[in-house]
file my_file-v8.csv (CSV, C-alpha atoms (C1' of nucleotides))
chain,number,residue,atom,x,y,z
A,1,MET,CA,-28.4,-13.6,16.5
A,2,PRO,CA,-28.2,-12.9,12.7
A,3,SER,CA,-25.5,-14.8,10.8
A,4,VAL,CA,-23.8,-15.0,7.4
A,5,THR,CA,-22.2,-18.0,5.7
A,6,VAL,CA,-18.9,-17.7,4.0
A,7,SER,CA,-17.6,-20.5,1.6
A,8,VAL,CA,-13.9,-21.6,2.0
A,9,PRO,CA,-11.5,-23.8,0.0
A,10,ARG,CA,-11.8,-27.5,0.8
A,11,ASP,CA,-8.5,-27.6,2.7
A,12,PHE,CA,-9.2,-24.5,4.9
A,13,VAL,CA,-9.2,-25.0,8.7
A,14,LEU,CA,-10.1,-21.9,10.8
A,15,TRP,CA,-8.3,-22.7,14.0
A,16,ARG,CA,-5.1,-23.5,12.0
A,17,ASP,CA,-5.2,-20.8,9.4
A,18,ALA,CA,-6.5,-17.9,11.5
A,19,CYS,CA,-3.8,-18.5,14.1
A,20,SER,CA,-1.0,-18.9,11.5
A,21,TYR,CA,0.5,-15.4,11.8
A,22,GLY,CA,0.8,-13.2,14.9
A,23,TYR,CA,-1.7,-10.6,13.7
A,24,PHE,CA,-4.5,-12.8,15.1
A,25,LEU,CA,-3.4,-11.6,18.5
A,26,LEU,CA,-3.4,-7.9,17.7
A,27,ALA,CA,-6.4,-5.7,18.2
A,28,PRO,CA,-9.1,-5.6,17.1
A,29,ASN,CA,-8.7,-9.3,16.6
A,30,GLN,CA,-9.6,-11.6,19.5
A,31,TRP,CA,-9.2,-15.3,19.3
A,32,ILE,CA,-11.2,-17.4,21.8
A,33,PRO,CA,-9.3,-20.7,22.2
A,34,SER,CA,-12.0,-22.6,24.0
A,35,GLU,CA,-14.5,-21.9,21.3
A,36,LYS,CA,-12.1,-21.8,18.4
A,37,THR,CA,-13.8,-18.6,17.4
A,38,LEU,CA,-12.4,-15.4,16.0
A,39,LEU,CA,-14.0,-12.2,17.2
A,40,ARG,CA,-13.5,-8.9,15.4
A,41,PRO,CA,-15.4,-5.8,14.4
A,42,LEU,CA,-15.5,-5.0,10.7
A,43,ARG,CA,-16.3,-1.7,9.1
A,44,LEU,CA,-19.0,-2.0,6.5
A,45,LYS,CA,-20.8,0.6,4.4
A,46,ASN,CA,-23.6,1.1,6.9
A,47,GLY,CA,-21.3,1.2,9.9
A,48,PRO,CA,-19.3,-1.2,12.1
A,49,VAL,CA,-20.5,-4.7,12.9
A,50,ALA,CA,-19.2,-7.1,15.5
A,51,CYS,CA,-18.4,-10.6,14.0
A,52,ALA,CA,-17.9,-14.0,15.6
A,53,VAL,CA,-16.4,-16.4,13.0
A,54,SER,CA,-16.5,-20.1,13.6
A,55,GLN,CA,-16.3,-23.4,11.6
A,56,THR,CA,-17.5,-26.9,12.4
A,57,GLY,CA,-14.8,-28.8,10.4
A,58,LYS,CA,-12.2,-28.8,7.7
A,59,GLY,CA,-13.5,-27.3,4.4
A,60,LYS,CA,-16.8,-26.5,6.0
A,61,SER,CA,-18.3,-23.0,5.4
A,62,LEU,CA,-17.6,-20.3,8.0
A,63,ARG,CA,-20.5,-19.2,10.2
A,64,VAL,CA,-20.3,-15.5,10.9
A,65,GLU,CA,-22.6,-14.3,13.7
A,66,THR,CA,-23.1,-10.5,13.3
A,67,SER,CA,-24.3,-7.9,15.8
A,68,ARG,CA,-26.9,-6.7,13.4
A,69,THR,CA,-28.7,-7.9,10.3
A,70,LEU,CA,-26.8,-7.1,7.1
A,71,LYS,CA,-28.0,-6.0,3.8
A,72,ALA,CA,-27.0,-8.0,0.7
A,73,THR,CA,-24.3,-5.5,-0.3
A,74,GLU,CA,-22.9,-5.5,3.2
A,75,LYS,CA,-22.7,-9.3,3.1
A,76,GLY,CA,-20.6,-9.0,0.0
A,77,GLU,CA,-18.3,-6.6,1.8
A,78,LEU,CA,-18.0,-8.9,4.8
A,79,ASN,CA,-17.2,-11.7,2.5
A,80,SER,CA,-14.4,-9.9,0.7
A,81,GLN,CA,-12.9,-8.6,3.9
A,82,LEU,CA,-12.8,-12.1,5.5
A,83,THR,CA,-11.5,-13.5,2.2
A,84,ARG,CA,-8.5,-11.1,2.4
A,85,MET,CA,-8.0,-11.6,6.1
A,86,LEU,CA,-8.1,-15.4,6.0
A,87,ARG,CA,-6.5,-15.8,2.6
A,88,LEU,CA,-9.5,-17.7,1.3
A,89,ASP,CA,-8.4,-16.6,-2.2
A,90,MET,CA,-5.2,-18.8,-1.9
A,91,THR,CA,-6.4,-21.8,-3.9
A,92,THR,CA,-5.9,-25.5,-3.0
A,93,ALA,CA,-3.7,-25.7,-6.1
A,94,GLN,CA,-1.4,-23.0,-4.7
A,95,VAL,CA,-1.3,-24.7,-1.4
A,96,ASN,CA,-0.4,-28.0,-3.1
A,97,GLU,CA,2.3,-26.1,-5.1
A,98,PHE,CA,3.9,-24.9,-1.8
A,99,HIS,CA,3.7,-28.3,-0.3
A,100,LYS,CA,5.4,-29.8,-3.3
A,101,LEU,CA,8.3,-27.3,-2.9
A,102,ASP,CA,8.4,-27.9,0.9
A,103,PRO,CA,6.7,-31.2,1.9
A,104,ARG,CA,7.4,-30.7,5.6
A,105,TRP,CA,4.0,-28.8,5.9
A,106,LYS,CA,1.9,-31.2,3.8
A,107,LYS,CA,0.8,-33.3,6.8
A,108,THR,CA,-0.4,-30.3,8.9
A,109,GLY,CA,-1.7,-28.5,5.8
A,110,GLU,CA,-0.1,-25.2,6.8
A,111,ALA,CA,0.1,-22.7,4.0
A,112,ARG,CA,-2.1,-19.7,4.6
A,113,LEU,CA,-1.0,-16.7,6.7
A,114,CYS,CA,-3.6,-14.6,8.4
A,115,ARG,CA,-3.5,-10.8,7.7
A,116,SER,CA,-5.8,-7.8,8.0
A,117,PRO,CA,-9.0,-7.0,6.2
A,118,THR,CA,-7.3,-4.0,4.6
A,119,LEU,CA,-3.9,-3.1,3.3
A,120,PHE,CA,-3.9,0.0,5.4
A,121,GLU,CA,-4.3,-2.0,8.6
A,122,ASP,CA,-1.4,-4.3,7.5
A,123,LEU,CA,0.8,-1.2,6.9
A,124,VAL,CA,0.1,0.2,10.4
A,125,LYS,CA,0.5,-3.2,12.1
A,126,THR,CA,3.8,-3.6,10.4
A,127,VAL,CA,5.1,-0.1,11.5
A,128,THR,CA,3.9,-0.8,15.0
A,129,SER,CA,5.7,-4.1,15.2
A,130,CYS,CA,9.1,-2.5,14.3
A,131,ASN,CA,11.7,-1.8,16.9
A,132,VAL,CA,9.4,-2.9,19.7
A,133,THR,CA,8.8,-6.0,21.7
A,134,TRP,CA,5.6,-8.0,21.2
A,135,PRO,CA,3.7,-6.6,24.2
A,136,GLY,CA,4.5,-3.1,23.0
A,137,SER,CA,3.1,-3.9,19.6
A,138,ARG,CA,0.0,-5.3,21.2
A,139,GLY,CA,-0.4,-2.2,23.3
A,140,MET,CA,-0.1,0.2,20.4
A,141,ASN,CA,-2.8,-1.7,18.3
A,142,ARG,CA,-5.1,-2.0,21.3
A,143,ARG,CA,-4.9,1.8,22.1
A,144,LEU,CA,-5.3,2.8,18.4
A,145,CYS,CA,-8.6,0.9,18.4
A,146,GLU,CA,-9.7,2.1,21.8
A,147,VAL,CA,-8.9,5.8,21.2
A,148,LEU,CA,-9.7,6.1,17.5
A,149,GLY,CA,-11.9,3.2,16.6
A,150,GLU,CA,-15.6,3.3,15.9
A,151,GLY,CA,-18.1,0.9,17.3
A,152,ALA,CA,-19.2,-0.4,20.8
A,153,ALA,CA,-16.6,-0.2,23.6
A,154,SER,CA,-16.3,-4.0,23.6
A,155,GLY,CA,-15.3,-4.1,19.9
A,156,LYS,CA,-13.9,-1.0,18.3
A,157,CYS,CA,-12.9,-1.1,14.7
A,158,PHE,CA,-9.3,-0.5,13.5
A,159,PRO,CA,-9.1,3.2,12.6
A,160,THR,CA,-9.3,4.1,9.0
A,161,SER,CA,-6.6,6.1,7.1
A,162,GLN,CA,-8.9,9.1,7.1
A,163,ILE,CA,-9.3,9.0,10.9
A,164,LEU,CA,-5.5,8.5,11.5
A,165,ALA,CA,-4.6,11.2,9.0
A,166,LYS,CA,-6.6,13.8,11.0
A,167,GLN,CA,-4.7,13.2,14.2
A,168,ARG,CA,-1.9,15.3,15.6
A,169,PRO,CA,1.3,13.3,16.0
A,170,ALA,CA,1.6,14.4,19.7
A,171,PHE,CA,-1.9,13.1,20.3
A,172,LEU,CA,-1.0,9.7,18.8
A,173,ARG,CA,2.1,9.6,20.9
A,174,GLY,CA,0.4,10.6,24.1
A,175,ARG,CA,-2.8,8.6,23.9
A,176,CYS,CA,-1.8,5.6,21.8
A,177,GLY,CA,1.8,5.2,22.9
A,178,VAL,CA,3.2,4.9,19.5
A,179,GLY,CA,6.4,6.8,20.4
A,180,TYR,CA,8.6,8.2,17.7
A,181,ARG,CA,6.4,6.4,15.1
A,182,ASP,CA,3.8,9.2,15.6
A,183,GLU,CA,4.7,11.4,12.6
A,184,ARG,CA,5.5,8.5,10.3
A,185,LEU,CA,2.0,7.0,11.0
A,186,VAL,CA,0.2,10.3,10.3
A,187,GLN,CA,2.2,10.8,7.1
A,188,LEU,CA,1.5,7.3,6.0
A,189,ALA,CA,-2.2,7.7,6.8
A,190,LYS,CA,-2.4,11.0,4.9
A,191,MET,CA,-0.8,9.5,1.8
A,192,TYR,CA,-3.2,6.5,2.0
A,193,ALA,CA,-6.3,8.6,2.6
A,194,LYS,CA,-5.7,10.9,-0.3
A,195,GLY,CA,-5.0,8.0,-2.7
A,196,ALA,CA,-1.3,8.6,-3.1
A,197,ILE,CA,-0.7,5.0,-2.3
A,198,ASP,CA,-2.0,2.9,-5.3
A,199,VAL,CA,-3.5,-0.1,-3.6
A,200,ARG,CA,-4.6,-1.7,-6.9
A,201,TRP,CA,-1.0,-1.5,-8.3
A,202,LEU,CA,0.4,-2.9,-5.0
A,203,GLU,CA,-2.1,-5.7,-4.9
A,204,GLY,CA,-2.0,-6.4,-8.7
A,205,ALA,CA,-0.6,-9.8,-9.7
A,206,ALA,CA,1.2,-8.2,-12.7
A,207,THR,CA,3.3,-5.8,-10.7
A,208,PRO,CA,6.9,-6.9,-10.3
A,209,THR,CA,7.9,-7.7,-6.7
A,210,GLU,CA,11.1,-5.6,-6.9
A,211,GLU,CA,9.1,-2.5,-8.0
A,212,ILE,CA,6.8,-2.9,-5.1
A,213,ARG,CA,9.7,-3.3,-2.7
A,214,GLU,CA,11.4,-0.2,-4.0
A,215,TYR,CA,8.1,1.7,-3.7
A,216,LEU,CA,7.5,0.5,-0.1
A,217,LEU,CA,11.0,1.6,1.0
A,218,GLU,CA,10.0,5.2,0.0
A,219,LEU,CA,7.1,5.2,2.4
A,220,PRO,CA,7.5,6.7,5.9
A,221,GLY,CA,8.4,4.2,8.6
A,222,ILE,CA,9.1,1.4,6.1
A,223,GLY,CA,12.6,0.0,6.0
A,224,PRO,CA,14.0,-3.3,4.6
A,225,TYR,CA,12.4,-5.5,7.2
A,226,ALA,CA,9.0,-3.8,7.0
A,227,ALA,CA,9.0,-3.8,3.2
A,228,ALA,CA,9.7,-7.6,3.1
A,229,ASN,CA,7.0,-8.1,5.7
A,230,ILE,CA,4.4,-6.1,3.7
A,231,LEU,CA,5.4,-8.1,0.6
A,232,GLN,CA,4.5,-11.3,2.3
A,233,LEU,CA,1.2,-9.8,3.5
A,234,LEU,CA,0.6,-9.0,-0.2
A,235,GLY,CA,1.1,-12.7,-1.0
A,236,ARG,CA,4.7,-12.3,-2.3
A,237,TYR,CA,6.8,-14.8,-0.4
A,238,GLU,CA,10.1,-14.7,-2.2
A,239,LEU,CA,11.9,-12.3,0.3
A,240,LEU,CA,12.6,-12.8,4.0
A,241,PRO,CA,11.9,-10.0,6.5
A,242,CYS,CA,15.3,-10.5,8.3
A,243,ASP,CA,14.8,-9.2,11.9
A,244,SER,CA,16.4,-10.3,15.2
A,245,GLU,CA,14.2,-13.4,15.2
A,246,ALA,CA,15.6,-14.5,11.9
A,247,VAL,CA,19.1,-14.1,13.2
A,248,ARG,CA,18.3,-15.9,16.4
A,249,HIS,CA,16.8,-18.8,14.3
A,250,GLY,CA,19.9,-18.8,12.2
A,251,ARG,CA,22.1,-19.2,15.2
A,252,GLU,CA,20.1,-21.4,17.5
A,253,VAL,CA,18.4,-23.7,15.0
A,254,LEU,CA,20.5,-23.6,11.8
A,255,GLY,CA,23.8,-23.4,13.6
A,256,MET,CA,25.0,-20.3,11.7
A,257,LYS,CA,27.9,-18.2,13.1
A,258,GLY,CA,29.2,-14.7,12.7
A,259,SER,CA,27.9,-11.1,13.0
A,260,SER,CA,24.1,-10.5,12.9
A,261,ALA,CA,24.4,-9.0,9.4
A,262,ARG,CA,26.3,-12.1,8.2
A,263,VAL,CA,23.8,-14.5,9.8
A,264,ALA,CA,20.9,-12.6,8.3
A,265,LYS,CA,22.4,-13.0,4.9
A,266,GLN,CA,23.1,-16.7,5.5
A,267,VAL,CA,19.4,-17.2,6.6
A,268,ALA,CA,18.1,-15.5,3.5
A,269,LYS,CA,20.4,-17.7,1.3
A,270,HIS,CA,19.4,-20.9,3.2
A,271,PHE,CA,15.7,-20.3,2.4
A,272,GLU,CA,16.2,-19.5,-1.2
A,273,GLN,CA,15.8,-23.2,-1.9
A,274,TYR,CA,12.0,-22.8,-1.4
A,275,GLY,CA,11.8,-20.3,-4.3
A,276,LYS,CA,8.6,-18.3,-4.5
A,277,TYR,CA,7.4,-19.7,-1.2
A,278,CYS,CA,10.6,-18.9,0.7
A,279,PHE,CA,8.9,-16.9,3.5
A,280,LEU,CA,6.3,-19.5,4.1
A,281,SER,CA,9.0,-22.2,4.7
A,282,TYR,CA,10.9,-19.8,7.0
A,283,TRP,CA,7.8,-18.8,8.9
A,284,PHE,CA,6.4,-22.3,9.5
A,285,GLU,CA,9.9,-23.4,10.6
A,286,LEU,CA,10.1,-20.5,13.1
A,287,ARG,CA,6.6,-21.5,14.4
A,288,VAL,CA,7.7,-25.0,15.2
A,289,ALA,CA,10.2,-23.4,17.7
A,290,TYR,CA,7.5,-21.1,19.1
A,291,GLN,CA,5.0,-23.8,19.5
A,292,ALA,CA,7.5,-26.2,21.1
A,293,LYS,CA,7.9,-23.5,23.8
A,294,HIS,CA,4.4,-22.1,24.2
A,295,GLY,CA,2.1,-24.9,22.9
A,296,PRO,CA,-0.1,-24.8,19.7
A,297,ALA,CA,-0.9,-21.2,18.6
A,298,HIS,CA,-4.6,-21.8,18.6
A,299,THR,CA,-4.5,-22.4,22.3
A,300,TRP,CA,-2.8,-19.1,23.1
A,301,GLU,CA,-4.7,-16.5,24.9
A,302,TYR,CA,-4.0,-13.5,27.1
A,303,GLY,CA,-4.7,-13.2,30.8
A,304,GLN,CA,-6.2,-10.1,32.5
A,305,ASP,CA,-2.6,-8.8,33.0
A,306,GLY,CA,-2.1,-8.8,29.3
A,307,LYS,CA,0.5,-11.6,29.4
A,308,LEU,CA,0.3,-14.6,27.1
A,309,VAL,CA,-1.2,-17.6,28.9
A,310,THR,CA,1.0,-20.5,27.7
A,311,ALA,CA,0.6,-24.1,28.7
A,312,ALA,CA,3.5,-23.7,31.2
A,313,ARG,CA,2.1,-20.5,32.6
A,314,ALA,CA,-1.4,-22.0,33.0
A,315,ALA,CA,0.1,-24.9,34.9
A,316,ALA,CA,2.0,-22.5,37.2
A,317,ILE,CA,-1.2,-20.5,37.8
A,318,ARG,CA,-3.1,-23.7,38.7
A,319,LYS,CA,-0.4,-24.7,41.2
A,320,LYS,CA,-0.8,-21.3,43.1
B,1,DG,C1',28.3,1.7,0.6
B,2,DG,C1',29.0,1.1,5.5
B,3,DT,C1',28.6,2.5,10.3
B,4,DA,C1',27.2,4.9,14.6
B,5,DG,C1',23.8,7.0,17.3
B,6,DA,C1',19.2,8.7,18.3
B,7,DC,C1',14.5,7.6,18.5
B,8,DC,C1',10.7,5.4,22.5
B,9,DT,C1',8.6,1.9,25.2
B,10,DG,C1',8.1,-2.1,28.1
B,11,DG,C1',10.3,-5.8,30.5
B,12,DA,C1',14.0,-7.7,33.2
B,13,DC,C1',17.0,-7.1,36.7
B,14,DG,C1',19.4,-5.3,40.9
B,15,DC,C1',19.1,-2.6,44.9
C,1,DG,C1',9.1,0.9,44.5
C,2,DC,C1',12.7,2.9,42.0
C,3,DG,C1',16.5,3.3,38.8
C,4,DT,C1',19.2,1.3,35.1
C,5,DC,C1',19.9,-1.5,31.2
C,6,DC,C1',18.6,-3.8,27.1
C,7,DA,C1',16.0,-5.1,22.8
C,8,DG,C1',13.8,-3.9,18.7
C,9,DG,C1',13.9,-1.5,13.1
C,10,DT,C1',14.2,3.0,10.9
C,11,DC,C1',16.3,7.2,9.8
C,12,DT,C1',19.9,10.5,9.5
C,13,DA,C1',24.5,12.2,9.6
C,14,DC,C1',28.9,11.2,8.8
C,15,DC,C1',33.1,8.8,7.0

call {"tool": "encode", "arguments": {"input": "my_file-v8.csv", "output": "structure tokens"}}
result
Amino acid sequence: MPSVTVSVPRDFVLWRDACSYGYFLLAPNQWIPSEKTLLRPLRLKNGPVACAVSQTGKGKSLRVETSRTLKATEKGELNSQLTRMLRLDMTTAQVNEFHKLDPRWKKTGEARLCRSPTLFEDLVKTVTSCNVTWPGSRGMNRRLCEVLGEGAASGKCFPTSQILAKQRPAFLRGRCGVGYRDERLVQLAKMYAKGAIDVRWLEGAATPTEEIREYLLELPGIGPYAAANILQLLGRYELLPCDSEAVRHGREVLGMKGSSARVAKQVAKHFEQYGKYCFLSYWFELRVAYQAKHGPAHTWEYGQDGKLVTAARAAAIRKK
DNA sequence: GGTAGACCTGGACGC
DNA sequence: GCGTCCAGGTCTACC
């Protein structure tokens, strides 16, 4: 099988950093715990290509097995898409800066959060994770790929903005189960496809965070939570996406009391101590609780019933 | 500026 | 198996 090599920063660990944010569990991503390998189709200039990304050790280059031989320009495209997705552009110096602000994560080395190869996919994944439980979010992303994605049946790409923009809202609702998000997703895709959303400006280091936030809030389907989440996906960690999980964390772990709105404000205030890396501190703290319940994230996989196979559930299955 | 209710789906629960 | 209730964030109307 043809393969490509991708260089990584010396502190990068695939199983830790690819499984750092929930998007590694959303289609078209597929994590294989037993092989510590990430499977996902990528859309390149000459068409889709199925990829299997693996690594032999910390700081070692990634080995990317591809379903077809790539031309030099396509290798460059693959490199830049994986760089965005796995945050390979977050330097070791930035990682150290975060660990200096919050030393709790220095030992494990956690700092990078997995995202999507494109901003458009991040926008759609954010909208499809609002006002819905996690299985619902997984279902929407799976069906978007199955119904609208290009590529082999076993590995369909995430639909592009152009493809999504051409759909009728009722079709999206009926076939992809996106519910009331149908029109908002089509509107978002239309804006993105015609270049009305300035990706360079949004991803530009010089653009003020508050301006980006205000802009995002004007987009269909994007409210305060979604805007803050997209900001962290853009590498801006100073705001917290305060959702029900944040409130639960505030009450159960940080011992906060009062109405949900009050607790949300208290949580945001609490994490301000971590400055520009506020969200990273919050997220890794939240993960400790998840992993205490379900085991390490890189061991998570889904059974044929679509349910998460946690260590506890695996033991229960074995007993049967 | 703050609040209430609708939006839609999947899971949990009771019968 | 069926019906009911609930959780989840955004959006709009209303005060």

call {"tool": "closest_atom_pairs", "arguments": {"input": "my_file-v8.csv", "of": "chain A", "to": "chain B", "cutoff": "10 Å", "atoms": "all atoms listed in the file", "output": "JSON lines"}}
result
{"residue": "A:Asn131", "atom": "CA", "partner": "B:DC8", "partner_atom": "C1'", "distance": 9.2}
{"residue": "A:Val132", "atom": "CA", "partner": "B:DT9", "partner_atom": "C1'", "distance": 7.3}
{"residue": "A:Thr133", "atom": "CA", "partner": "B:DG10", "partner_atom": "C1'", "distance": 7.5}
{"residue": "A:Trp134", "atom": "CA", "partner": "B:DG10", "partner_atom": "C1'", "distance": 9.4}
{"residue": "A:Pro135", "atom": "CA", "partner": "B:DG10", "partner_atom": "C1'", "distance": 7.4}
{"residue": "A:Gly136", "atom": "CA", "partner": "B:DG10", "partner_atom": "C1'", "distance": 6.3}
{"residue": "A:Ser137", "atom": "CA", "partner": "B:DT9", "partner_atom": "C1'", "distance": 9.8}
{"residue": "A:Gly139", "atom": "CA", "partner": "B:DG10", "partner_atom": "C1'", "distance": 9.8}
{"residue": "A:Arg173", "atom": "CA", "partner": "B:DC8", "partner_atom": "C1'", "distance": 9.7}
{"residue": "A:Gly177", "atom": "CA", "partner": "B:DT9", "partner_atom": "C1'", "distance": 7.9}
{"residue": "A:Val178", "atom": "CA", "partner": "B:DC8", "partner_atom": "C1'", "distance": 8.1}
{"residue": "A:Gly179", "atom": "CA", "partner": "B:DC8", "partner_atom": "C1'", "distance": 5.0}
{"residue": "A:Tyr180", "atom": "CA", "partner": "B:DC8", "partner_atom": "C1'", "distance": 5.9}
{"residue": "A:Arg181", "atom": "CA", "partner": "B:DC8", "partner_atom": "C1'", "distance": 8.6}

call {"tool": "closest_atom_pairs", "arguments": {"input": "my_file-v8.csv", "of": "chain C", "to": "chain A", "cutoff": "8 Å", "atoms": "all atoms listed in the file", "output": "JSON lines"}}
result
{"residue": "C:DA7", "atom": "C1'", "partner": "A:Thr133", "partner_atom": "CA", "distance": 7.3}
{"residue": "C:DG8", "atom": "C1'", "partner": "A:Asn131", "partner_atom": "CA", "distance": 3.5}
{"residue": "C:DG9", "atom": "C1'", "partner": "A:Asn131", "partner_atom": "CA", "distance": 4.4}
{"residue": "C:DT10", "atom": "C1'", "partner": "A:Gly223", "partner_atom": "CA", "distance": 6.0}

call {"tool": "atom_distance", "arguments": {"input": "my_file-v8.csv", "atom1": "atom CA of A:Asp182", "atom2": "atom CA of A:Thr128"}}
result
10.0 Å

call {"tool": "closest_residue", "arguments": {"input": "my_file-v8.csv", "among": "A:Gln232, A:Thr118, A:Gln266, A:Thr207", "to": "A:Arg43", "atoms": "all atoms listed in the file"}}
result
A:Thr118

call {"tool": "atom_distance", "arguments": {"input": "my_file-v8.csv", "atom1": "atom CA of A:Pro117", "atom2": "atom CA of A:Val13"}}
result
18.2 Å

call {"tool": "residues_near_point", "arguments": {"input": "my_file-v8.csv", "point": "(-18.0, -11.3, -1.6)", "cutoff": "12 Å", "atoms": "all atoms listed in the file", "output": "MDAnalysis selection string"}}
result
chainID A and resid 4:8 72:84 88:89

call {"tool": "atom_distance", "arguments": {"input": "my_file-v8.csv", "atom1": "atom CA of A:Ser20", "atom2": "atom CA of A:Cys114"}}
result
5.9 Å

call {"tool": "residues_around", "arguments": {"input": "my_file-v8.csv", "residues": "A:Ala264", "least_positions_apart": "5", "cutoff": "12 Å", "atoms": "all atoms listed in the file", "output": "PyMOL selection string"}}
result
chain A and resi 225+240-251+254+256-259+269-271

call {"tool": "residues_around", "arguments": {"input": "my_file-v8.csv", "residues": "A:Glu272", "least_positions_apart": "4", "cutoff": "8 Å", "atoms": "all atoms listed in the file", "output": "ChimeraX atom specification"}}
result
/A:238,268,278

call {"tool": "decode", "arguments": {"input": "my_file-v8.csv", "residues": "stretch 243-261 of chain A", "atoms": "N, CA and C atoms", "output": "PDB file, in the first residue's frame"}}
result
ATOM      1  N   ASP A 243     -21.691  25.323  28.232  1.00  0.00           N
ATOM      2  CA  ASP A 243     -22.883  24.527  27.961  1.00  0.00           C
ATOM      3  C   ASP A 243     -23.299  23.806  29.239  1.00  0.00           C
ATOM      4  N   SER A 244     -24.221  22.855  29.095  1.00  0.00           N
ATOM      5  CA  SER A 244     -24.715  22.149  30.281  1.00  0.00           C
ATOM      6  C   SER A 244     -23.591  21.356  30.952  1.00  0.00           C
ATOM      7  N   GLU A 245     -22.610  20.904  30.168  1.00  0.00           N
ATOM      8  CA  GLU A 245     -21.482  20.162  30.732  1.00  0.00           C
ATOM      9  C   GLU A 245     -20.647  21.057  31.638  1.00  0.00           C
ATOM     10  N   ALA A 246     -20.474  22.304  31.217  1.00  0.00           N
ATOM     11  CA  ALA A 246     -19.700  23.259  32.022  1.00  0.00           C
ATOM     12  C   ALA A 246     -20.399  23.513  33.349  1.00  0.00           C
ATOM     13  N   VAL A 247     -21.735  23.620  33.282  1.00  0.00           N
ATOM     14  CA  VAL A 247     -22.520  23.853  34.500  1.00  0.00           C
ATOM     15  C   VAL A 247     -22.428  22.626  35.418  1.00  0.00           C
ATOM     16  N   ARG A 248     -22.550  21.443  34.817  1.00  0.00           N
ATOM     17  CA  ARG A 248     -22.438  20.210  35.601  1.00  0.00           C
ATOM     18  C   ARG A 248     -21.066  20.135  36.280  1.00  0.00           C
ATOM     19  N   HIS A 249     -20.019  20.459  35.536  1.00  0.00           N
ATOM     20  CA  HIS A 249     -18.651  20.448  36.076  1.00  0.00           C
ATOM     21  C   HIS A 249     -18.529  21.456  37.228  1.00  0.00           C
ATOM     22  N   GLY A 250     -19.126  22.623  37.026  1.00  0.00           N
ATOM     23  CA  GLY A 250     -19.087  23.660  38.060  1.00  0.00           C
ATOM     24  C   GLY A 250     -19.732  23.177  39.351  1.00  0.00           C
ATOM     25  N   ARG A 251     -20.873  22.503  39.207  1.00  0.00           N
ATOM     26  CA  ARG A 251     -21.595  22.033  40.402  1.00  0.00           C
ATOM     27  C   ARG A 251     -20.909  20.825  41.033  1.00  0.00           C
ATOM     28  N   GLU A 252     -20.634  19.805  40.206  1.00  0.00           N
ATOM     29  CA  GLU A 252     -20.157  18.523  40.764  1.00  0.00           C
ATOM     30  C   GLU A 252     -18.690  18.539  41.168  1.00  0.00           C
ATOM     31  N   VAL A 253     -17.859  19.200  40.399  1.00  0.00           N
ATOM     32  CA  VAL A 253     -16.417  19.151  40.676  1.00  0.00           C
ATOM     33  C   VAL A 253     -15.938  20.396  41.430  1.00  0.00           C
ATOM     34  N   LEU A 254     -16.447  21.556  41.014  1.00  0.00           N
ATOM     35  CA  LEU A 254     -15.943  22.793  41.629  1.00  0.00           C
ATOM     36  C   LEU A 254     -16.817  23.265  42.794  1.00  0.00           C
ATOM     37  N   GLY A 255     -17.916  22.546  43.049  1.00  0.00           N
ATOM     38  CA  GLY A 255     -18.759  22.844  44.214  1.00  0.00           C
ATOM     39  C   GLY A 255     -19.513  24.163  44.130  1.00  0.00           C
ATOM     40  N   MET A 256     -19.805  24.618  42.901  1.00  0.00           N
ATOM     41  CA  MET A 256     -20.522  25.891  42.757  1.00  0.00           C
ATOM     42  C   MET A 256     -22.022  25.691  42.950  1.00  0.00           C
ATOM     43  N   LYS A 257     -22.688  26.761  43.366  1.00  0.00           N
ATOM     44  CA  LYS A 257     -24.123  26.672  43.647  1.00  0.00           C
ATOM     45  C   LYS A 257     -24.879  27.828  42.984  1.00  0.00           C
ATOM     46  N   GLY A 258     -26.196  27.623  42.783  1.00  0.00           N
ATOM     47  CA  GLY A 258     -27.031  28.675  42.203  1.00  0.00           C
ATOM     48  C   GLY A 258     -27.656  28.220  40.897  1.00  0.00           C
ATOM     49  N   SER A 259     -28.273  29.169  40.184  1.00  0.00           N
ATOM     50  CA  SER A 259     -28.923  28.852  38.911  1.00  0.00           C
ATOM     51  C   SER A 259     -27.864  28.476  37.866  1.00  0.00           C
ATOM     52  N   SER A 260     -28.327  27.848  36.774  1.00  0.00           N
ATOM     53  CA  SER A 260     -27.391  27.433  35.713  1.00  0.00           C
ATOM     54  C   SER A 260     -26.610  28.633  35.171  1.00  0.00           C
ATOM     55  N   ALA A 261     -27.331  29.742  34.952  1.00  0.00           N
ATOM     56  CA  ALA A 261     -26.675  30.938  34.401  1.00  0.00           C
ATOM     57  C   ALA A 261     -25.599  31.446  35.368  1.00  0.00           C
TER      58      ALA A 261
END
